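Printed here is target-v2.cif (mmCIF, C-alpha atoms):
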data_model
loop_
_atom_site.label_atom_id
_atom_site.label_comp_id
_atom_site.auth_asym_id
_atom_site.auth_seq_id
_atom_site.Cartn_x
_atom_site.Cartn_y
_atom_site.Cartn_z
CA MET S 22 13.71 -37.10 32.19
CA GLY S 23 10.86 -34.60 32.20
CA ASP S 24 11.08 -30.94 31.38
CA PRO S 25 11.73 -28.52 34.26
CA ALA S 26 8.61 -27.15 35.92
CA TRP S 27 9.41 -23.58 34.89
CA PHE S 28 9.61 -24.62 31.25
CA GLN S 29 6.23 -26.33 31.46
CA HIS S 30 4.76 -23.18 32.99
CA PHE S 31 6.35 -21.12 30.21
CA LEU S 32 4.82 -23.35 27.52
CA LEU S 33 1.38 -23.15 29.13
CA PHE S 34 1.75 -19.38 29.45
CA VAL S 35 2.72 -18.93 25.78
CA SER S 36 -0.09 -21.19 24.55
CA SER S 37 -2.74 -19.64 26.81
CA PRO S 38 -5.75 -17.93 25.16
CA TYR S 39 -4.48 -14.59 26.49
CA ILE S 40 -0.95 -14.72 25.04
CA ALA S 41 -1.58 -16.67 21.82
CA PRO S 42 -3.60 -13.86 20.18
CA LEU S 43 -0.81 -11.39 20.99
CA LEU S 44 1.81 -13.65 19.42
CA LEU S 45 -0.36 -14.14 16.32
CA SER S 46 -0.99 -10.40 16.02
CA ILE S 47 2.69 -9.55 16.35
CA GLY S 48 3.56 -12.25 13.83
CA VAL S 49 1.00 -11.01 11.30
CA ILE S 50 2.04 -7.35 11.70
CA GLY S 51 5.70 -8.24 11.25
CA LEU S 52 4.84 -10.37 8.22
CA ILE S 53 2.87 -7.57 6.56
CA LEU S 54 5.67 -5.08 7.15
CA GLU S 55 8.15 -7.58 5.73
CA ILE S 56 6.10 -8.11 2.57
CA LYS S 57 5.79 -4.36 2.09
CA ALA S 58 9.53 -3.84 2.63
CA GLY S 59 10.50 -6.49 0.07
CA ALA S 60 13.67 -7.42 2.00
CA PHE S 61 14.34 -9.43 5.15
CA GLY S 62 14.63 -7.16 8.17
CA LEU S 63 13.28 -6.50 11.63
CA GLY S 64 9.69 -7.25 10.62
CA GLY S 65 10.64 -10.70 9.34
CA LEU S 66 12.69 -11.45 12.47
CA VAL S 67 9.88 -10.42 14.82
CA SER S 68 7.39 -12.44 12.78
CA LEU S 69 9.57 -15.56 12.88
CA VAL S 70 10.10 -15.27 16.65
CA SER S 71 6.37 -14.75 17.33
CA PHE S 72 5.20 -17.61 15.13
CA GLY S 73 8.06 -19.74 16.42
CA LEU S 74 6.92 -19.26 20.02
CA PHE S 75 3.28 -19.92 19.11
CA PHE S 76 3.84 -23.08 17.08
CA GLY S 77 6.73 -24.29 19.22
CA ALA S 78 4.61 -24.12 22.37
CA SER S 79 1.67 -25.77 20.57
CA ILE S 80 3.87 -28.66 19.39
CA MET S 81 5.54 -29.21 22.76
CA THR S 82 2.20 -29.16 24.62
CA GLY S 83 0.72 -31.69 22.17
CA HIS S 84 -1.75 -29.33 20.47
CA ALA S 85 0.07 -29.38 17.13
CA GLY S 86 1.94 -31.95 15.09
CA TRP S 87 3.79 -32.33 11.82
CA GLN S 88 0.75 -31.33 9.76
CA GLU S 89 0.84 -27.86 11.30
CA VAL S 90 4.59 -27.63 10.69
CA ILE S 91 4.06 -28.58 7.03
CA LEU S 92 1.28 -26.00 6.63
CA LEU S 93 3.45 -23.35 8.27
CA GLY S 94 6.35 -24.22 5.98
CA LEU S 95 4.13 -23.94 2.90
CA ALA S 96 2.84 -20.60 4.20
CA LEU S 97 6.35 -19.23 4.69
CA ILE S 98 7.44 -20.42 1.23
CA SER S 99 4.39 -18.88 -0.46
CA LEU S 100 4.74 -15.59 1.40
CA GLY S 101 8.47 -15.55 0.68
CA VAL S 102 7.74 -15.91 -3.03
CA GLU S 103 5.20 -13.10 -2.72
CA ALA S 104 7.63 -10.79 -0.90
CA PHE S 105 10.89 -11.38 -2.78
CA ILE S 106 10.12 -12.93 -6.17
CA LEU S 107 6.62 -11.79 -7.22
CA PRO S 108 6.00 -8.50 -5.40
CA GLY S 109 2.39 -7.35 -5.16
CA PHE S 110 -0.40 -9.43 -3.60
CA GLY S 111 -1.34 -12.28 -5.91
CA VAL S 112 -1.86 -16.03 -5.93
CA ALA S 113 1.24 -16.77 -3.84
CA GLY S 114 0.15 -14.32 -1.15
CA ILE S 115 -3.40 -15.71 -1.02
CA LEU S 116 -2.10 -19.29 -0.77
CA GLY S 117 0.33 -18.23 1.95
CA VAL S 118 -2.45 -16.65 4.00
CA CYS S 119 -4.66 -19.75 3.58
CA PHE S 120 -1.84 -22.09 4.64
CA LEU S 121 -1.07 -19.88 7.63
CA LEU S 122 -4.71 -19.75 8.74
CA GLY S 123 -4.98 -23.51 8.37
CA ALA S 124 -1.86 -24.04 10.49
CA VAL S 125 -3.09 -21.64 13.19
CA VAL S 126 -6.61 -23.12 13.38
CA THR S 127 -5.42 -26.72 13.56
CA ALA S 128 -2.79 -25.81 16.16
CA LEU S 129 -5.39 -24.03 18.31
CA ALA S 130 -8.02 -26.76 17.93
CA GLY S 131 -5.71 -29.59 18.99
CA PRO S 132 -5.18 -33.15 17.67
CA ALA S 133 -8.76 -34.40 18.23
CA PRO S 134 -10.90 -31.28 18.10
CA ALA S 135 -14.54 -31.05 19.07
CA ALA S 136 -16.96 -28.27 18.17
CA GLY S 137 -15.95 -26.31 21.26
CA ASP S 138 -12.29 -26.50 20.27
CA PHE S 139 -13.01 -24.99 16.87
CA LEU S 140 -15.08 -22.23 18.49
CA GLY S 141 -12.19 -21.49 20.82
CA ALA S 142 -9.80 -21.35 17.88
CA VAL S 143 -12.09 -18.94 16.04
CA GLY S 144 -12.31 -16.82 19.20
CA VAL S 145 -8.52 -16.59 19.45
CA LEU S 146 -8.26 -15.72 15.74
CA GLY S 147 -10.96 -13.08 16.15
CA THR S 148 -9.14 -11.53 19.10
CA SER S 149 -5.91 -11.55 17.13
CA LEU S 150 -7.61 -9.82 14.19
CA VAL S 151 -9.06 -7.11 16.45
CA ILE S 152 -5.65 -6.48 18.02
CA THR S 153 -3.97 -6.33 14.61
CA LEU S 154 -6.51 -3.87 13.21
CA ALA S 155 -6.32 -1.71 16.34
CA VAL S 156 -2.51 -1.56 16.13
CA PHE S 157 -2.57 -0.63 12.45
CA TYR S 158 -5.24 2.02 13.05
CA ALA S 159 -3.26 3.58 15.88
CA TRP S 160 -0.07 3.38 13.84
CA LEU S 161 -1.60 5.09 10.81
CA ARG S 162 -3.09 7.81 13.02
CA HIS S 163 0.29 8.37 14.65
CA LEU S 164 2.45 8.33 11.50
CA PRO S 165 1.68 11.85 10.19
CA ASN S 166 2.75 13.37 13.55
CA SER S 167 5.76 11.12 14.10
CA HIS S 168 9.19 12.75 13.79
CA ARG S 169 10.81 9.35 13.21
CA PHE S 170 8.56 8.49 10.25
CA ALA S 171 8.06 12.05 8.98
CA GLY S 172 10.03 11.25 5.83
CA LEU S 173 7.34 8.81 4.69
CA PHE S 174 4.91 11.66 3.99
CA HIS S 175 5.21 14.66 1.71
CA THR S 176 3.75 17.52 3.74
CA HIS S 177 5.26 20.55 1.98
CA ALA S 178 3.95 22.28 -1.11
CA SER S 179 6.13 22.38 -4.22
CA GLU S 180 5.84 26.03 -5.09
CA ARG S 181 6.95 27.67 -8.30
CA ALA S 182 8.74 30.38 -6.29
CA HIS S 183 11.08 27.70 -4.96
CA GLY S 184 11.93 26.43 -8.43
CA TYR S 185 9.45 23.56 -8.70
CA VAL S 186 7.82 23.41 -12.14
CA SER S 187 5.71 20.65 -13.67
CA ALA S 188 7.06 21.17 -17.20
CA PRO S 189 9.68 23.20 -19.08
CA GLN S 190 8.77 26.85 -19.49
CA ARG S 191 8.14 27.60 -23.19
CA GLN S 192 8.60 31.34 -23.04
CA GLU S 193 9.63 31.40 -26.72
CA LEU S 194 5.98 30.70 -27.58
CA VAL S 195 4.70 33.88 -25.93
CA GLY S 196 3.59 36.38 -28.56
CA GLN S 197 3.67 33.82 -31.37
CA LEU S 198 0.71 33.53 -33.74
CA GLY S 199 -0.96 30.23 -34.50
CA VAL S 200 -4.13 28.60 -35.77
CA ALA S 201 -6.78 26.80 -33.73
CA VAL S 202 -6.78 23.20 -34.97
CA THR S 203 -9.89 22.39 -32.92
CA ASP S 204 -12.61 24.45 -31.34
CA LEU S 205 -11.35 25.96 -28.08
CA ARG S 206 -14.13 25.41 -25.47
CA PRO S 207 -12.04 26.84 -23.77
CA SER S 208 -9.35 24.14 -24.16
CA GLY S 209 -8.25 22.50 -27.37
CA VAL S 210 -5.34 22.18 -29.77
CA ALA S 211 -3.58 24.88 -31.75
CA GLU S 212 -0.69 24.88 -34.20
CA VAL S 213 2.09 27.35 -33.45
CA ASN S 214 5.20 27.51 -35.65
CA GLY S 215 4.33 24.12 -37.10
CA GLU S 216 3.98 22.49 -33.64
CA ARG S 217 0.70 21.23 -32.23
CA ILE S 218 0.26 22.15 -28.58
CA ASP S 219 -2.54 21.95 -26.03
CA VAL S 220 -3.93 25.39 -25.35
CA VAL S 221 -6.65 27.04 -23.31
CA THR S 222 -8.41 30.39 -23.51
CA GLU S 223 -9.51 32.44 -20.52
CA GLY S 224 -13.10 31.43 -21.14
CA ALA S 225 -13.94 32.73 -24.59
CA PHE S 226 -14.96 30.26 -27.30
CA VAL S 227 -12.68 30.22 -30.32
CA SER S 228 -13.73 28.28 -33.43
CA VAL S 229 -11.47 25.99 -35.44
CA GLY S 230 -9.32 27.81 -38.02
CA ALA S 231 -9.21 31.07 -36.11
CA THR S 232 -5.90 32.89 -35.67
CA ILE S 233 -4.70 32.91 -32.07
CA VAL S 234 -1.78 34.40 -30.17
CA VAL S 235 -0.03 32.85 -27.19
CA GLU S 236 -0.33 35.15 -24.18
CA ARG S 237 1.27 33.02 -21.45
CA ALA S 238 3.21 29.76 -21.22
CA GLU S 239 2.86 28.17 -17.77
CA GLY S 240 4.40 24.75 -18.01
CA TYR S 241 1.89 22.52 -19.79
CA ARG S 242 -0.70 25.32 -19.74
CA HIS S 243 -0.52 27.60 -22.78
CA VAL S 244 -3.01 30.47 -22.55
CA VAL S 245 -4.11 31.92 -25.89
CA ARG S 246 -6.61 34.43 -27.23
CA ALA S 247 -8.07 35.17 -30.61
CA THR S 248 -6.26 37.93 -32.51
CA ARG S 249 -9.63 39.55 -33.24
CA PRO S 250 -12.65 39.97 -30.96
CA VAL S 251 -14.69 36.78 -30.83
CA SER S 252 -17.72 38.57 -32.33
CA GLN S 253 -15.71 39.34 -35.48
CA LEU S 254 -14.38 35.79 -36.00
CA PRO S 255 -15.93 33.63 -38.74
CA ALA S 256 -18.55 31.17 -37.50
#
Mind converting the file's structure to structure tokens?
Amino acid sequence: MGDPAWFQHFLLFVSSPYIAPLLLSIGVIGLILEIKAGAFGLGGLVSLVSFGLFFGASIMTGHAGWQEVILLGLALISLGVEAFILPGFGVAGILGVCFLLGAVVTALAGPAPAAGDFLGAVGVLGTSLVITLAVFYAWLRHLPNSHRFAGLFHTHASERAHGYVSAPQRQELVGQLGVAVTDLRPSGVAEVNGERIDVVTEGAFVSVGATIVVERAEGYRHVVRATRPVSQLPA
């Protein structure tokens, strides 16, 4: 008993050169989001549905066979390893992409492809790539102004007046005398109360061994000056 006519029309519609690139693009976008998330979620579900429709229609219309299914399985395994076991984009991710491209090209080209079939497959892949890049470009342009995804970006300054400091305030060092361990040009190292700290002058050169005094302590920035005018310091 043959398949209903509407189902045949649906398969032809899904495998058409107009819909196939959309399914591939949606599948790739969902797959990328899934790899970045590191956990199975909406991106993985959308990717599975899109690739399932694409390869399912290709198999049922006779354009794909078990070799494409095997390649797709290897691609999913490799990308799963990349997403959940070895995060980052390494050998498993590269192999997964290669397996996926091989499955897509062979499914698009058909069981006995000619040169024209391969050109058509490349055309569909090219269209899918353009759609994917366009979606990502639009998405990245939209993200900074999106209220839903506003939490992904840090758009506010961390000001000291609001209590944000980059390092503990060493106010006990202010007014303390020390010795320049290196030349200060204007930054260098000084020893204060037996502790070596990174210091900086306000522009004046201070030679090694000179006595300095800590004027300000601003987190990691310790501003010092020579205890005598620079012209009177030993060379």
Check: the PyMOL selection byres ((chain S and resi 226) around 6) on the file shown: which residues, as a VMD selection string?
Finding: chain S and resid 205 to 207 225 227
Next item on the list: Could you jot down the atom CA of Leu32 of chain S to atom CA of Leu74 of chain S separation for me, Å, one decimal place?
Entry: 8.8 Å
Check: Rounded to one decimal in Å, what is the spacing between atom CA of Gly77 of chain S and atom CA of Ile91 of chain S?
Finding: 13.2 Å
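For the pair atom CA of Ser99 of chain S and atom CA of Ala159 of chain S, the separation is 28.8 Å.
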Next item on the list: Find the residues near Ile115 of chain S: any atom within 10 Å, counting all atoms listed in the file, skip ones fewer than 6 places away on the same chain, and give them as a ChimeraX atom specification.
Entry: /S:96,99-100,103,121
Notebook entry, point to check: Looking at S:Ile233, S:Leu33, S:Leu45, S:Val145, which one is nearest to Thr82 of chain S, with distances taken over all atoms listed in the file?
Noted result: S:Leu33
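Minimum atom-to-atom distances from S:Asp204, S:Thr153, S:His243, S:Leu97 to Asp219 of chain S were compared using all atoms listed in the file, and the lowest value belongs to S:His243.
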Check: Care to translate the PyMOL selection byres ((chain S and resi 89) around 8) into actual residues of this file, as a ChimeraX atom specification?
Finding: /S:85-88,90-93,123-125,127-128
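Each of S:Leu140, S:Val244, S:Cys119, S:Val200 was checked against Glu223 of chain S using only C-alpha atoms; the smallest atom-to-atom distance is that of S:Val244.
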Next item on the list: Using all atoms listed in the file, find all polymer residues with an atom at most 12 Å away from the point (2.9, 27.7, -36.0); report them as a ChimeraX atom specification.
Entry: /S:194-202,210-218,232-235
Please produce an output containing C-alpha atoms for each residue in the selection, written as a compact mmCIF listing (two decimals), in the frame of the given file.
# COMPACT_ATOMS: atom_id res chain seq x y z
CA LEU S 194 5.98 30.70 -27.58
CA VAL S 195 4.70 33.88 -25.93
CA GLY S 196 3.59 36.38 -28.56
CA GLN S 197 3.67 33.82 -31.37
CA LEU S 198 0.71 33.53 -33.74
CA GLY S 199 -0.96 30.23 -34.50
CA VAL S 200 -4.13 28.60 -35.77
CA ALA S 201 -6.78 26.80 -33.73
CA VAL S 202 -6.78 23.20 -34.97
CA VAL S 210 -5.34 22.18 -29.77
CA ALA S 211 -3.58 24.88 -31.75
CA GLU S 212 -0.69 24.88 -34.20
CA VAL S 213 2.09 27.35 -33.45
CA ASN S 214 5.20 27.51 -35.65
CA GLY S 215 4.33 24.12 -37.10
CA GLU S 216 3.98 22.49 -33.64
CA ARG S 217 0.70 21.23 -32.23
CA ILE S 218 0.26 22.15 -28.58
CA THR S 232 -5.90 32.89 -35.67
CA ILE S 233 -4.70 32.91 -32.07
CA VAL S 234 -1.78 34.40 -30.17
CA VAL S 235 -0.03 32.85 -27.19
Item checked: Contacts of segment 64-67 of chain S within 8 Å, only C-alpha atoms, excl. fewer than 3 positions in-chain, as a list of chain:residue names ->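 Returned residues: S:Ile47, S:Gly48, S:Ile50, S:Gly51, S:Leu52, S:Ile53, S:Leu54, S:Glu55, S:Phe61, S:Val70, S:Ser71.
Of the residues listed (S:Gly83, S:Gly209, S:Gly240, S:Gly117), S:Gly209 shows the shortest atom-to-atom separation from Ser228 of chain S; distances use all atoms listed in the file.
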